[in-house]
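All remarks here apply to the structure that follows.
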Amino acid sequence: MLLPAKAEVARHLERYRAWERVMLATPTDRTARGNFEDSGYTLCVLMGKRCAREAVEAAERYLRSNLVTYLRENGQSQQRHVGRRGPPSIRRYRPGGSASGR
């Protein structure tokens with residue numbers, strides 16, 4: 001899993017919080033709401049989450065912790081799964097309707 005630079009996450013989290021304050025101060029301002037929603041969406045994309053609240057929490061956790069701790073907390077491993085090397089197996093048709101792998 002690729003993770004963004006902490007400085008980038010911090011910048012977008014700060015932007016989200018700033019637009020949140022503006023939107024809460026003027027809830028009828030459509031521009032403020034749009035910018036708030038855009039900043040939330042950006043955090044969702046950066047943090048790989050489906051909703052802004054989860055993305056904000058993930059960003060805050062990520063900024064507080066180191067990479068290993070963050071990956072462990074999110075149930076992800078640092079190890080990569082290394083599959084079988086070589087060409088894929090070839091399936092051949094055999095008379096009689098069966099296929100065999102190599």
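Here, A, B, ... name the chains of the structure tokens in the order displayed, residue numbers run from 1 inside each chain, and ligands are numbered from 1 in the same displayed order.
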Report as an MDAnalysis selection string all protein, DNA and RNA residues lying within 8 Å of segment 34-41 of chain A, evaluated on only C-alpha atoms, omitting residues in the same chain fewer than 4 positions from it. chainID A and resid 12 15:16 19:20 23 30 45 51:52 55:56
Could you write those residues out with C-alpha atoms, as a short mmCIF file (atom, residue, chain, number, x, y, z; two decimals), in the first residue's frame?
data_model
loop_
_atom_site.label_atom_id
_atom_site.label_comp_id
_atom_site.auth_asym_id
_atom_site.auth_seq_id
_atom_site.Cartn_x
_atom_site.Cartn_y
_atom_site.Cartn_z
CA HIS A 12 -4.91 18.55 3.52
CA ARG A 15 -7.36 22.61 4.85
CA TYR A 16 -10.26 20.32 5.81
CA TRP A 19 -13.17 24.76 5.67
CA GLU A 20 -15.03 22.90 8.41
CA MET A 23 -18.83 25.96 6.90
CA ARG A 30 -22.63 27.10 -0.75
CA VAL A 45 -8.62 9.56 -1.60
CA CYS A 51 -16.22 8.75 4.24
CA ALA A 52 -14.64 11.99 5.38
CA ALA A 55 -10.44 9.73 6.48
CA VAL A 56 -9.90 12.45 9.10
#
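Nearest-residue note for Lys6 of chain A: choosing from A:Ser65, A:Thr26, A:Thr31, A:Thr42, the minimum distance belongs to A:Ser65, counting only C-alpha atoms.
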So how many Å separate atom CA of Cys44 of chain A and atom CA of Ala18 of chain A, to one decimal?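 Here the two named atoms are 16.6 Å from each other.
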Report, in Å with one decimal, the straight-line distance from atom CA of Glu57 of chain A to atom CA of Leu2 of chain A.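 Separation between atom CA of Glu57 of chain A and atom CA of Leu2 of chain A: 17.9 Å.
Going from atom CA of Val9 of chain A to atom CA of Ala58 of chain A covers 10.0 Å.
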Would you mind listing what lies within 12 Å of Glu8 of chain A as number ranges by chain, with only C-alpha atoms counted and same-chain residues fewer than 6 positions away left out? A: 14-15, 42-43, 46-47, 59, 62-63
For the selection just defined, write its residues with all heavy atoms to a file, as a PDB file, in the first residue's frame.
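Written out: result_32.pdb:
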ATOM      1  N   GLU A  14      -5.295  20.113   7.520  1.00  0.00           N
ATOM      2  CA  GLU A  14      -5.430  21.515   7.949  1.00  0.00           C
ATOM      3  C   GLU A  14      -6.450  22.243   7.072  1.00  0.00           C
ATOM      4  O   GLU A  14      -7.290  22.994   7.575  1.00  0.00           O
ATOM      5  CB  GLU A  14      -4.068  22.197   7.871  1.00  0.00           C
ATOM      6  CG  GLU A  14      -4.053  23.611   8.378  1.00  0.00           C
ATOM      7  CD  GLU A  14      -2.651  24.216   8.309  1.00  0.00           C
ATOM      8  OE1 GLU A  14      -1.684  23.500   8.582  1.00  0.00           O
ATOM      9  OE2 GLU A  14      -2.573  25.416   7.983  1.00  0.00           O
ATOM     10  N   ARG A  15      -6.396  21.999   5.786  1.00  0.00           N
ATOM     11  CA  ARG A  15      -7.355  22.609   4.847  1.00  0.00           C
ATOM     12  C   ARG A  15      -8.773  22.151   5.172  1.00  0.00           C
ATOM     13  O   ARG A  15      -9.710  22.952   5.193  1.00  0.00           O
ATOM     14  CB  ARG A  15      -6.986  22.229   3.417  1.00  0.00           C
ATOM     15  CG  ARG A  15      -7.874  22.831   2.376  1.00  0.00           C
ATOM     16  CD  ARG A  15      -7.346  22.520   0.968  1.00  0.00           C
ATOM     17  NE  ARG A  15      -8.188  23.152  -0.013  1.00  0.00           N
ATOM     18  CZ  ARG A  15      -9.107  22.520  -0.735  1.00  0.00           C
ATOM     19  NH1 ARG A  15      -9.269  21.231  -0.602  1.00  0.00           N
ATOM     20  NH2 ARG A  15      -9.843  23.164  -1.602  1.00  0.00           N
ATOM     21  N   THR A  42     -10.826  14.785  -0.873  1.00  0.00           N
ATOM     22  CA  THR A  42      -9.383  14.654  -1.069  1.00  0.00           C
ATOM     23  C   THR A  42      -8.761  13.804   0.036  1.00  0.00           C
ATOM     24  O   THR A  42      -7.926  12.938  -0.229  1.00  0.00           O
ATOM     25  CB  THR A  42      -8.709  16.037  -1.124  1.00  0.00           C
ATOM     26  OG1 THR A  42      -9.295  16.782  -2.192  1.00  0.00           O
ATOM     27  CG2 THR A  42      -7.212  15.928  -1.322  1.00  0.00           C
ATOM     28  N   LEU A  43      -9.189  14.018   1.275  1.00  0.00           N
ATOM     29  CA  LEU A  43      -8.684  13.199   2.381  1.00  0.00           C
ATOM     30  C   LEU A  43      -9.095  11.743   2.206  1.00  0.00           C
ATOM     31  O   LEU A  43      -8.313  10.829   2.508  1.00  0.00           O
ATOM     32  CB  LEU A  43      -9.190  13.724   3.721  1.00  0.00           C
ATOM     33  CG  LEU A  43      -8.383  14.834   4.356  1.00  0.00           C
ATOM     34  CD1 LEU A  43      -9.059  15.311   5.638  1.00  0.00           C
ATOM     35  CD2 LEU A  43      -6.964  14.396   4.649  1.00  0.00           C
ATOM     36  N   LEU A  46      -6.686  10.310  -0.319  1.00  0.00           N
ATOM     37  CA  LEU A  46      -5.344  10.170   0.254  1.00  0.00           C
ATOM     38  C   LEU A  46      -5.239   9.005   1.237  1.00  0.00           C
ATOM     39  O   LEU A  46      -4.264   8.273   1.247  1.00  0.00           O
ATOM     40  CB  LEU A  46      -4.943  11.453   0.988  1.00  0.00           C
ATOM     41  CG  LEU A  46      -4.411  12.601   0.162  1.00  0.00           C
ATOM     42  CD1 LEU A  46      -4.207  13.827   1.042  1.00  0.00           C
ATOM     43  CD2 LEU A  46      -3.124  12.225  -0.532  1.00  0.00           C
ATOM     44  N   MET A  47      -6.277   8.845   2.056  1.00  0.00           N
ATOM     45  CA  MET A  47      -6.218   7.861   3.132  1.00  0.00           C
ATOM     46  C   MET A  47      -6.902   6.537   2.778  1.00  0.00           C
ATOM     47  O   MET A  47      -6.873   5.593   3.555  1.00  0.00           O
ATOM     48  CB  MET A  47      -6.825   8.431   4.414  1.00  0.00           C
ATOM     49  CG  MET A  47      -6.149   9.703   4.897  1.00  0.00           C
ATOM     50  SD  MET A  47      -4.339   9.617   4.994  1.00  0.00           S
ATOM     51  CE  MET A  47      -4.092   8.323   6.195  1.00  0.00           C
ATOM     52  N   ALA A  59      -6.141  10.016   9.002  1.00  0.00           N
ATOM     53  CA  ALA A  59      -5.075  11.007   8.812  1.00  0.00           C
ATOM     54  C   ALA A  59      -4.458  11.397  10.150  1.00  0.00           C
ATOM     55  O   ALA A  59      -3.232  11.494  10.277  1.00  0.00           O
ATOM     56  CB  ALA A  59      -5.621  12.235   8.089  1.00  0.00           C
ATOM     57  N   TYR A  62      -2.371   8.523  11.370  1.00  0.00           N
ATOM     58  CA  TYR A  62      -1.163   8.428  10.550  1.00  0.00           C
ATOM     59  C   TYR A  62      -0.140   9.484  10.956  1.00  0.00           C
ATOM     60  O   TYR A  62       1.050   9.199  11.062  1.00  0.00           O
ATOM     61  CB  TYR A  62      -1.552   8.588   9.085  1.00  0.00           C
ATOM     62  CG  TYR A  62      -0.413   8.555   8.103  1.00  0.00           C
ATOM     63  CD1 TYR A  62       0.481   7.496   8.063  1.00  0.00           C
ATOM     64  CD2 TYR A  62      -0.242   9.581   7.184  1.00  0.00           C
ATOM     65  CE1 TYR A  62       1.512   7.472   7.137  1.00  0.00           C
ATOM     66  CE2 TYR A  62       0.785   9.558   6.260  1.00  0.00           C
ATOM     67  CZ  TYR A  62       1.660   8.500   6.243  1.00  0.00           C
ATOM     68  OH  TYR A  62       2.685   8.470   5.330  1.00  0.00           O
ATOM     69  N   LEU A  63      -0.595  10.693  11.226  1.00  0.00           N
ATOM     70  CA  LEU A  63       0.322  11.768  11.609  1.00  0.00           C
ATOM     71  C   LEU A  63       0.890  11.572  13.011  1.00  0.00           C
ATOM     72  O   LEU A  63       2.000  12.026  13.290  1.00  0.00           O
ATOM     73  CB  LEU A  63      -0.380  13.125  11.501  1.00  0.00           C
ATOM     74  CG  LEU A  63      -0.754  13.546  10.081  1.00  0.00           C
ATOM     75  CD1 LEU A  63      -1.598  14.805  10.107  1.00  0.00           C
ATOM     76  CD2 LEU A  63       0.483  13.719   9.218  1.00  0.00           C
TER      77      LEU A  63
END
Nearest residue to Arg21 of chain A from the set A:Arg33, A:Arg50, A:Arg72, A:Arg64 (distances using only C-alpha atoms): A:Arg33
